[in-house]
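Enquirer: Pasting a structure here, questions to come.
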Amino acid sequence: MPGAAASFPERRARAAPQERRRRVAPLAATRAGDEPLLRGIFEIGKRSCDVVLSARRLRWSPILPESPTDDSSMVSQAQEEIIEMKDVFSVKLKRRRFAGQNKGGTLLGITIFKCLNKEENKLTDCAIHLNNISEDHCQLWFRHLKEILNGFQNRPKSLKVFVNPSSHKKEAAHVYYEQVAPLFKLADIKTDVTVTEYEGHALSVLKECELQAFDGVVCVGGDGSVSEVAHGLLLRAQIDAGKDTAYVSNPVRAPIPLGVIPAGTTNILAHTLYGVKHVVTATLHIIMGHIQAVDVCTFSTPSKLLRFGFSAMFGFGARTLALAEKYRWMPSSQRKDFAFIKTLADLRAEECELSFLPLQIPQEDSHESDRKKKEKIKKKGSKDQWQKIQGHFLNVSIMAIPCLCSMAPRGLAPNTRLNNGSMALIVVQNTSRTEFIKHLKRYTSIKNQFNFPFVETYTVQEVKVQPRLTSGLDAKQNTYLNATSAEGNYPWNIDGDLMKATSEVHVRVHPQLIDLYGVNTDDLESSQATCNCI
């Protein structure tokens, strides 16, 4: 009513600047580019605080009671706290509402949601409550906070989401709707969700949907699901660029980033991007717009493009996957263990010819850009001669990324990186089963898994794998191994997805062809992995 005394919070909010300066601890000196935008009083943690907002950070100090003696020791006890605005992903007005009330309610203040780094590379969210019942005061602060958040680049506002309900223990839908979707909603990210119904569903949707309406694509599933979505994104980019998709020699980049939510049996790509299999960590990397450019390979026969992918295995790794696919009726963990043991029990080598173009790293000039360095690598490589090796090989791995997993905490290909423009070619020549098992066991330790006379490693730009038909195999081997569904039809394990080729497969690496939500694992303190992979 007119003339009535102002409420206590309003009197506090309108306190004279000179009075506030007497009662608060000295704030940190204003730094360049950190000029205060707003200053006001909020209750934080049951203490009245003097709060200052700038474009870079939010900081506050408790307001101390007036002291007649102006005791400086009390002022020094007040601890200033700081939040970097780049770590904030959402801000909401906090209201008290009755049961069933969806709108309105009594204003309590503002809640700020922050991304917090935990141990073992995990991220989590935490909330900071700024309490003040003044509607005008809170609305002013809310608008400024939202403006700052909207100014951060790469943070998505709209996402196309694919959920594979068949992944692992059929948990992907539960993982998305219970853990991922609430965080997307909190961050005000709009989503369009497709729950895939069959293999190739995501690929067909990506070919037709309006990608320009989205800031990114997210896949909730295992490595096979992610591989399909990545392939679909890159295939769509070639179609939009008017390129012939039957054979792509110089592909264009994917138009928008891809996010990976681990919800499958194997989650190698998620481990490589985040250093850990953790749904909330993966979700927060997407929300925060952490983007990492990643190299991609093309796998082609002389007549067509088979796949865009990150890694592949031919031989033992491919036959194990092919056998596991025959026993889909078994629980996933049992199926993979059975296929691994069965293939190991009947271990045999593939006769083939490998042709590869070694990568020659030019002398680095610190003033050159990454793009110029990669151009020099490309020109240098084109002058080099192809090398060939022929023989019987137990396994051939071709990997453009390190491929971290629990079986290999250092990575299946620890000498490569996410975006250094190279592939690791790892060739395991024919040897005894005992020696091969020793080689496999080395992946789980810190010892060098390649320190065997029958293992060779190369850093390459291109690889051609030409299997040689082997006569004299008994029918039992071909039947149970599923090594060939027809004469000359060889299985490939590409990112955990089974592909078959009837002839030579040509593999090329294409530097930084796609952006993925995540970080470079070289920057992480550790890479604790908890997946199960073949």
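Labels used: A, B, ... for chains in the order of the structure tokens, numbers from 1 for residues in each chain, and numbers from 1 for ligands as shown.
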Among segment 34-195 of chain A, which ones does DSSP assign to alpha helix (DSSP H) (computed from the backbone)? Answer as an MDAnalysis selection string.
Expert: chainID A and resid 72:77 135:150 172:175 181:186
Enquirer: Please dump the current selection as a compact mmCIF listing (two decimals), in the first residue's frame; keep N, CA, C and O atoms.
Expert:
# COMPACT_ATOMS: atom_id res chain seq x y z
N SER A 72 39.12 -5.31 10.66
CA SER A 72 39.51 -5.82 9.35
C SER A 72 39.68 -7.34 9.36
O SER A 72 39.64 -7.97 8.32
N SER A 73 39.88 -7.95 10.54
CA SER A 73 40.05 -9.41 10.58
C SER A 73 38.78 -10.12 10.17
O SER A 73 38.82 -11.19 9.56
N MET A 74 37.61 -9.55 10.49
CA MET A 74 36.35 -10.16 10.09
C MET A 74 36.17 -10.09 8.58
O MET A 74 35.66 -11.01 7.94
N VAL A 75 36.61 -8.98 7.99
CA VAL A 75 36.49 -8.81 6.55
C VAL A 75 37.34 -9.85 5.83
O VAL A 75 36.94 -10.44 4.82
N SER A 76 38.54 -10.11 6.36
CA SER A 76 39.44 -11.04 5.68
C SER A 76 38.93 -12.47 5.74
O SER A 76 39.34 -13.31 4.95
N GLN A 77 38.04 -12.76 6.74
CA GLN A 77 37.51 -14.12 6.86
C GLN A 77 36.47 -14.42 5.78
O GLN A 77 36.15 -15.59 5.55
N GLU A 135 10.72 -9.74 -7.90
CA GLU A 135 10.46 -10.17 -9.27
C GLU A 135 11.30 -9.37 -10.27
O GLU A 135 11.93 -9.94 -11.17
N ASP A 136 11.31 -8.05 -10.15
CA ASP A 136 12.07 -7.20 -11.08
C ASP A 136 13.56 -7.49 -11.00
O ASP A 136 14.25 -7.57 -12.03
N HIS A 137 14.05 -7.63 -9.79
CA HIS A 137 15.48 -7.89 -9.57
C HIS A 137 15.90 -9.20 -10.24
O HIS A 137 16.88 -9.26 -10.98
N CYS A 138 15.12 -10.27 -10.00
CA CYS A 138 15.46 -11.58 -10.55
C CYS A 138 15.30 -11.63 -12.06
O CYS A 138 16.10 -12.26 -12.76
N GLN A 139 14.27 -10.98 -12.59
CA GLN A 139 14.06 -10.97 -14.04
C GLN A 139 15.22 -10.29 -14.75
O GLN A 139 15.67 -10.74 -15.81
N LEU A 140 15.73 -9.19 -14.17
CA LEU A 140 16.86 -8.48 -14.76
C LEU A 140 18.09 -9.39 -14.80
O LEU A 140 18.77 -9.50 -15.83
N TRP A 141 18.38 -10.05 -13.71
CA TRP A 141 19.53 -10.96 -13.65
C TRP A 141 19.33 -12.15 -14.58
O TRP A 141 20.27 -12.59 -15.25
N PHE A 142 18.13 -12.67 -14.61
CA PHE A 142 17.84 -13.84 -15.46
C PHE A 142 18.09 -13.50 -16.93
O PHE A 142 18.71 -14.30 -17.66
N ARG A 143 17.65 -12.32 -17.38
CA ARG A 143 17.85 -11.92 -18.78
C ARG A 143 19.33 -11.80 -19.11
O ARG A 143 19.78 -12.26 -20.17
N HIS A 144 20.10 -11.20 -18.23
CA HIS A 144 21.54 -11.05 -18.49
C HIS A 144 22.25 -12.40 -18.51
O HIS A 144 23.13 -12.64 -19.36
N LEU A 145 21.89 -13.29 -17.59
CA LEU A 145 22.51 -14.61 -17.56
C LEU A 145 22.19 -15.39 -18.83
O LEU A 145 23.07 -16.05 -19.41
N LYS A 146 20.94 -15.30 -19.29
CA LYS A 146 20.55 -16.01 -20.52
C LYS A 146 21.30 -15.45 -21.73
O LYS A 146 21.72 -16.21 -22.61
N GLU A 147 21.48 -14.15 -21.78
CA GLU A 147 22.22 -13.53 -22.89
C GLU A 147 23.66 -14.03 -22.94
O GLU A 147 24.20 -14.30 -24.02
N ILE A 148 24.27 -14.17 -21.78
CA ILE A 148 25.65 -14.67 -21.73
C ILE A 148 25.70 -16.11 -22.24
O ILE A 148 26.56 -16.47 -23.05
N LEU A 149 24.79 -16.96 -21.77
CA LEU A 149 24.78 -18.36 -22.18
C LEU A 149 24.51 -18.50 -23.67
O LEU A 149 25.10 -19.35 -24.35
N ASN A 150 23.62 -17.68 -24.19
CA ASN A 150 23.30 -17.75 -25.62
C ASN A 150 24.47 -17.31 -26.50
O ASN A 150 24.49 -17.60 -27.70
N ALA A 172 18.75 -48.81 -24.08
CA ALA A 172 19.03 -47.50 -24.67
C ALA A 172 17.88 -46.52 -24.46
O ALA A 172 18.09 -45.35 -24.14
N ALA A 173 16.63 -46.98 -24.66
CA ALA A 173 15.49 -46.08 -24.50
C ALA A 173 15.38 -45.61 -23.05
O ALA A 173 15.13 -44.42 -22.79
N HIS A 174 15.59 -46.53 -22.11
CA HIS A 174 15.55 -46.15 -20.69
C HIS A 174 16.66 -45.16 -20.37
O HIS A 174 16.45 -44.16 -19.66
N VAL A 175 17.86 -45.42 -20.89
CA VAL A 175 19.00 -44.51 -20.66
C VAL A 175 18.67 -43.12 -21.18
O VAL A 175 18.93 -42.11 -20.50
N ALA A 181 17.45 -37.14 -21.63
CA ALA A 181 16.38 -36.18 -21.97
C ALA A 181 16.17 -35.12 -20.89
O ALA A 181 15.98 -33.94 -21.22
N PRO A 182 16.18 -35.47 -19.59
CA PRO A 182 16.01 -34.42 -18.57
C PRO A 182 17.10 -33.35 -18.62
O PRO A 182 16.81 -32.16 -18.41
N LEU A 183 18.33 -33.74 -18.92
CA LEU A 183 19.41 -32.76 -19.00
C LEU A 183 19.26 -31.89 -20.25
O LEU A 183 19.52 -30.68 -20.21
N PHE A 184 18.86 -32.50 -21.38
CA PHE A 184 18.60 -31.70 -22.58
C PHE A 184 17.49 -30.68 -22.32
O PHE A 184 17.58 -29.52 -22.75
N LYS A 185 16.44 -31.10 -21.63
CA LYS A 185 15.33 -30.19 -21.31
C LYS A 185 15.80 -29.08 -20.39
O LYS A 185 15.43 -27.90 -20.56
N LEU A 186 16.61 -29.42 -19.40
CA LEU A 186 17.13 -28.42 -18.47
C LEU A 186 17.95 -27.37 -19.21
O LEU A 186 17.93 -26.18 -18.86
Enquirer: List the spatial neighbours of Leu211 of chain A as a list in words - criterion: any atom at most 9 Å away, only C-alpha atoms, same-chain residues fewer than 3 positions off excluded.
Expert: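 The neighbour list is Lys160, Leu206, Glu208, Phe214, Asp215, Gly216, Val217, Pro255 and Ile256 of chain A.
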Enquirer: I need the chosen residues saved as a PDB file, in the first residue's frame, with all heavy atoms.
Expert:
ATOM      1  N   LYS A 160      18.866 -33.712 -33.416  1.00  0.00           N
ATOM      2  CA  LYS A 160      18.198 -34.903 -33.943  1.00  0.00           C
ATOM      3  C   LYS A 160      18.770 -36.097 -33.203  1.00  0.00           C
ATOM      4  O   LYS A 160      19.988 -36.313 -33.203  1.00  0.00           O
ATOM      5  CB  LYS A 160      18.452 -35.038 -35.453  1.00  0.00           C
ATOM      6  CG  LYS A 160      17.866 -36.304 -36.073  1.00  0.00           C
ATOM      7  CD  LYS A 160      16.356 -36.326 -35.988  1.00  0.00           C
ATOM      8  CE  LYS A 160      15.793 -37.658 -36.465  1.00  0.00           C
ATOM      9  NZ  LYS A 160      14.336 -37.729 -36.265  1.00  0.00           N
ATOM     10  N   LEU A 206      18.335 -40.168 -42.156  1.00  0.00           N
ATOM     11  CA  LEU A 206      19.325 -39.119 -42.397  1.00  0.00           C
ATOM     12  C   LEU A 206      19.381 -38.702 -43.864  1.00  0.00           C
ATOM     13  O   LEU A 206      19.699 -37.552 -44.174  1.00  0.00           O
ATOM     14  CB  LEU A 206      20.706 -39.584 -41.937  1.00  0.00           C
ATOM     15  CG  LEU A 206      20.946 -39.562 -40.423  1.00  0.00           C
ATOM     16  CD1 LEU A 206      22.213 -40.317 -40.064  1.00  0.00           C
ATOM     17  CD2 LEU A 206      21.015 -38.132 -39.914  1.00  0.00           C
ATOM     18  N   GLU A 208      16.866 -38.323 -45.754  1.00  0.00           N
ATOM     19  CA  GLU A 208      15.667 -37.564 -46.132  1.00  0.00           C
ATOM     20  C   GLU A 208      15.387 -36.352 -45.249  1.00  0.00           C
ATOM     21  O   GLU A 208      14.730 -35.412 -45.682  1.00  0.00           O
ATOM     22  CB  GLU A 208      14.440 -38.495 -46.093  1.00  0.00           C
ATOM     23  CG  GLU A 208      14.555 -39.722 -46.985  1.00  0.00           C
ATOM     24  CD  GLU A 208      14.608 -39.361 -48.460  1.00  0.00           C
ATOM     25  OE1 GLU A 208      14.090 -38.292 -48.828  1.00  0.00           O
ATOM     26  OE2 GLU A 208      15.188 -40.145 -49.242  1.00  0.00           O
ATOM     27  N   PHE A 214      18.764 -28.633 -37.513  1.00  0.00           N
ATOM     28  CA  PHE A 214      19.404 -29.104 -36.286  1.00  0.00           C
ATOM     29  C   PHE A 214      20.837 -28.584 -36.179  1.00  0.00           C
ATOM     30  O   PHE A 214      21.495 -28.326 -37.182  1.00  0.00           O
ATOM     31  CB  PHE A 214      19.419 -30.638 -36.253  1.00  0.00           C
ATOM     32  CG  PHE A 214      18.060 -31.262 -36.396  1.00  0.00           C
ATOM     33  CD1 PHE A 214      17.671 -31.853 -37.599  1.00  0.00           C
ATOM     34  CD2 PHE A 214      17.158 -31.246 -35.351  1.00  0.00           C
ATOM     35  CE1 PHE A 214      16.426 -32.421 -37.748  1.00  0.00           C
ATOM     36  CE2 PHE A 214      15.901 -31.811 -35.485  1.00  0.00           C
ATOM     37  CZ  PHE A 214      15.534 -32.395 -36.691  1.00  0.00           C
ATOM     38  N   ASP A 215      21.283 -28.469 -34.914  1.00  0.00           N
ATOM     39  CA  ASP A 215      22.669 -28.082 -34.644  1.00  0.00           C
ATOM     40  C   ASP A 215      23.576 -29.292 -34.477  1.00  0.00           C
ATOM     41  O   ASP A 215      24.802 -29.154 -34.466  1.00  0.00           O
ATOM     42  CB  ASP A 215      22.735 -27.232 -33.369  1.00  0.00           C
ATOM     43  CG  ASP A 215      21.922 -25.952 -33.488  1.00  0.00           C
ATOM     44  OD1 ASP A 215      22.023 -25.289 -34.530  1.00  0.00           O
ATOM     45  OD2 ASP A 215      21.176 -25.634 -32.541  1.00  0.00           O
ATOM     46  N   GLY A 216      23.007 -30.471 -34.334  1.00  0.00           N
ATOM     47  CA  GLY A 216      23.803 -31.673 -34.167  1.00  0.00           C
ATOM     48  C   GLY A 216      22.922 -32.900 -34.203  1.00  0.00           C
ATOM     49  O   GLY A 216      21.697 -32.822 -34.142  1.00  0.00           O
ATOM     50  N   VAL A 217      23.570 -34.060 -34.301  1.00  0.00           N
ATOM     51  CA  VAL A 217      22.891 -35.352 -34.279  1.00  0.00           C
ATOM     52  C   VAL A 217      23.454 -36.150 -33.117  1.00  0.00           C
ATOM     53  O   VAL A 217      24.660 -36.116 -32.851  1.00  0.00           O
ATOM     54  CB  VAL A 217      23.094 -36.115 -35.612  1.00  0.00           C
ATOM     55  CG1 VAL A 217      22.512 -37.518 -35.527  1.00  0.00           C
ATOM     56  CG2 VAL A 217      22.469 -35.360 -36.767  1.00  0.00           C
ATOM     57  N   PRO A 255      28.110 -31.933 -42.174  1.00  0.00           N
ATOM     58  CA  PRO A 255      27.653 -30.559 -41.945  1.00  0.00           C
ATOM     59  C   PRO A 255      27.467 -30.188 -40.486  1.00  0.00           C
ATOM     60  O   PRO A 255      27.596 -29.028 -40.112  1.00  0.00           O
ATOM     61  CB  PRO A 255      26.307 -30.518 -42.695  1.00  0.00           C
ATOM     62  CG  PRO A 255      25.836 -31.946 -42.697  1.00  0.00           C
ATOM     63  CD  PRO A 255      27.082 -32.783 -42.785  1.00  0.00           C
ATOM     64  N   ILE A 256      27.145 -31.153 -39.632  1.00  0.00           N
ATOM     65  CA  ILE A 256      26.901 -30.862 -38.215  1.00  0.00           C
ATOM     66  C   ILE A 256      27.586 -31.925 -37.360  1.00  0.00           C
ATOM     67  O   ILE A 256      27.884 -33.025 -37.828  1.00  0.00           O
ATOM     68  CB  ILE A 256      25.385 -30.805 -37.890  1.00  0.00           C
ATOM     69  CG1 ILE A 256      24.684 -32.081 -38.383  1.00  0.00           C
ATOM     70  CG2 ILE A 256      24.751 -29.560 -38.475  1.00  0.00           C
ATOM     71  CD1 ILE A 256      23.196 -32.104 -38.082  1.00  0.00           C
TER      72      ILE A 256
END
Enquirer: Quick one: residues within 7 Å of Thr301 of chain A, only C-alpha atoms, excluding same-chain residues fewer than 4 positions away - as a compact mmCIF listing (two decimals) with N, CA and C atoms, in the first residue's frame?
Expert:
# COMPACT_ATOMS: atom_id res chain seq x y z
N LEU A 305 31.47 -47.84 -52.60
CA LEU A 305 31.81 -47.45 -51.23
C LEU A 305 31.08 -48.38 -50.27
N LEU A 306 31.83 -49.03 -49.40
CA LEU A 306 31.21 -49.89 -48.40
C LEU A 306 30.75 -49.10 -47.19
N SER A 503 35.87 -58.76 -52.77
CA SER A 503 37.12 -58.48 -53.49
C SER A 503 38.00 -57.58 -52.62
N GLU A 504 38.98 -56.96 -53.25
CA GLU A 504 39.91 -56.08 -52.55
C GLU A 504 39.17 -54.92 -51.88
N VAL A 505 39.61 -54.58 -50.68
CA VAL A 505 39.07 -53.43 -49.95
C VAL A 505 40.16 -52.37 -49.84
N HIS A 506 39.82 -51.17 -50.27
CA HIS A 506 40.75 -50.04 -50.25
C HIS A 506 40.34 -49.10 -49.11
Enquirer: Could you give me, as a tab-separated table, a per-residue list for segment 166-266 of chain A showing, wherever an atom lies at most 10 Å from an atom of segment 310-334 of chain A, the closest pair of atoms and their distance in Å to one decimal, using only C-alpha atoms and sorting by chain then residue number from low to high?
Expert:
residue	atom	partner	partner_atom	distance
A:Ser167	CA	A:Ser332	CA	9.3
A:His168	CA	A:Ser332	CA	6.4
A:Lys169	CA	A:Ser332	CA	7.5
A:Ser227	CA	A:Phe310	CA	8.0
A:Ala230	CA	A:Phe310	CA	9.4
A:His231	CA	A:Phe310	CA	10.0
A:Gly264	CA	A:Ser332	CA	9.7
A:Thr265	CA	A:Ser332	CA	7.1
Enquirer: Include N, CA and C atoms and write out the residues we just selected as a short mmCIF file (atom, residue, chain, number, x, y, z; two decimals), in the first residue's frame.
Expert:
data_model
loop_
_atom_site.label_atom_id
_atom_site.label_comp_id
_atom_site.auth_asym_id
_atom_site.auth_seq_id
_atom_site.Cartn_x
_atom_site.Cartn_y
_atom_site.Cartn_z
N SER A 167 19.98 -52.10 -28.49
CA SER A 167 21.37 -52.09 -28.03
C SER A 167 21.53 -52.80 -26.69
N HIS A 168 22.58 -53.60 -26.59
CA HIS A 168 22.99 -54.27 -25.35
C HIS A 168 21.80 -55.00 -24.71
N LYS A 169 21.39 -54.59 -23.53
CA LYS A 169 20.29 -55.25 -22.81
C LYS A 169 18.98 -54.50 -23.02
N SER A 227 28.27 -46.07 -35.71
CA SER A 227 28.88 -46.18 -37.03
C SER A 227 27.86 -45.93 -38.13
N ALA A 230 27.10 -42.12 -38.17
CA ALA A 230 28.23 -41.38 -38.73
C ALA A 230 28.29 -41.58 -40.24
N HIS A 231 28.10 -42.83 -40.68
CA HIS A 231 28.08 -43.12 -42.12
C HIS A 231 26.95 -42.36 -42.81
N GLY A 264 25.56 -49.38 -25.45
CA GLY A 264 25.69 -50.63 -26.17
C GLY A 264 26.58 -51.62 -25.45
N THR A 265 26.82 -52.75 -26.12
CA THR A 265 27.73 -53.76 -25.57
C THR A 265 29.16 -53.25 -25.63
#
Enquirer: Just checking: using only C-alpha atoms, which residue out of A:Asp34, A:His510, A:Arg348, A:Gln390 ends up closest to Asn430 of chain A?
Expert: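 Answer, going by the shortest atom-to-atom distance: A:Arg348.
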Enquirer: If we count only C-alpha atoms, what is near Pro156 of chain A at a cut-off of 8 Å, once residues fewer than 3 positions away on the same chain are taken out, given as a list in words?
Expert: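 The residues satisfying every condition are Leu159, Ile189, Asp215, Gly216, Ile286, Ile287 and Gly289 of chain A.
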Enquirer: Emit the selected residues as an mmCIF file, in the first residue's frame, including N, CA, C and O atoms.
Expert:
data_model
loop_
_atom_site.group_PDB
_atom_site.id
_atom_site.type_symbol
_atom_site.label_atom_id
_atom_site.label_comp_id
_atom_site.auth_asym_id
_atom_site.auth_seq_id
_atom_site.Cartn_x
_atom_site.Cartn_y
_atom_site.Cartn_z
ATOM 1 N N LEU A 159 18.530 -30.694 -31.542
ATOM 2 C CA LEU A 159 19.253 -31.928 -31.837
ATOM 3 C C LEU A 159 18.334 -32.988 -32.443
ATOM 4 O O LEU A 159 17.173 -33.116 -32.038
ATOM 5 N N ILE A 189 17.301 -27.458 -24.776
ATOM 6 C CA ILE A 189 17.625 -27.999 -26.091
ATOM 7 C C ILE A 189 16.399 -28.729 -26.635
ATOM 8 O O ILE A 189 15.867 -29.636 -25.989
ATOM 9 N N ASP A 215 21.283 -28.469 -34.914
ATOM 10 C CA ASP A 215 22.669 -28.082 -34.644
ATOM 11 C C ASP A 215 23.576 -29.292 -34.477
ATOM 12 O O ASP A 215 24.802 -29.154 -34.466
ATOM 13 N N GLY A 216 23.007 -30.471 -34.334
ATOM 14 C CA GLY A 216 23.803 -31.673 -34.167
ATOM 15 C C GLY A 216 22.922 -32.900 -34.203
ATOM 16 O O GLY A 216 21.697 -32.822 -34.142
ATOM 17 N N ILE A 286 27.979 -32.838 -24.819
ATOM 18 C CA ILE A 286 27.122 -32.372 -25.913
ATOM 19 C C ILE A 286 26.507 -31.025 -25.560
ATOM 20 O O ILE A 286 26.528 -30.081 -26.358
ATOM 21 N N ILE A 287 25.947 -30.922 -24.361
ATOM 22 C CA ILE A 287 25.298 -29.679 -23.931
ATOM 23 C C ILE A 287 26.288 -28.515 -23.923
ATOM 24 O O ILE A 287 25.956 -27.397 -24.353
ATOM 25 N N GLY A 289 28.838 -28.154 -25.723
ATOM 26 C CA GLY A 289 29.368 -27.849 -27.056
ATOM 27 C C GLY A 289 30.847 -28.112 -27.195
ATOM 28 O O GLY A 289 31.526 -27.459 -27.982
#
Enquirer: Select, from A:Leu108, A:Ile398, A:Leu64, A:Val220, the residue with the minimum atom-to-atom distance to Pro262 of chain A, counting only C-alpha atoms.
Expert: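 That would be A:Val220, the residue with the smallest distance to Pro262 of chain A.
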Enquirer: Could you check how far atom CA of Ile239 of chain A sits from atom CA of Val507 of chain A, in Å to one decimal?
Expert: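 Computed distance, atom CA of Ile239 of chain A to atom CA of Val507 of chain A, equals 20.6 Å.
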Enquirer: Using only C-alpha atoms, which residues sit within 8 Å of Leu404 of chain A once same-chain residues fewer than 4 positions away are excluded, as a list in words?
Expert: Ile268, Leu269, His271, Thr272, Gly275, Ala408, Pro409, Arg410, Gly411, Leu412, Ser527 and Ala529 of chain A
Enquirer: I'd like to know which of A:Val52, A:Leu394, A:Leu37, A:Leu123 is closest to Leu440 of chain A, using only C-alpha atoms.
Expert: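 Comparing A:Val52, A:Leu394, A:Leu37, A:Leu123 against Leu440 of chain A, the winner is A:Leu394.
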Enquirer: Output as number ranges by chain all residues of segment 397-444 of chain A that backbone DSSP marks as strand (DSSP E).
Expert: A: 397-399, 423-429
Enquirer: So that I can check the surroundings of Lys304 of chain A, please list as a list in words every protein, DNA and RNA residue that reaches within 12 Å of it, counting only C-alpha atoms and ignoring chain neighbours fewer than 5 positions away.
Expert: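 Within the cut-off, the hits are Asp244, Thr245, Ala246, Tyr247, Val248, Ser249, Thr298, Phe299, Ala501, Thr502, Ser503, Glu504, Val505 and His506 of chain A.
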Enquirer: For Ala202 of chain A, which residue out of A:Met407, A:Val280, A:Ala400, A:Cys219 is the nearest one, using only C-alpha atoms?
Expert: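 Checking each candidate against Ala202 of chain A, we get A:Cys219 as the closest.
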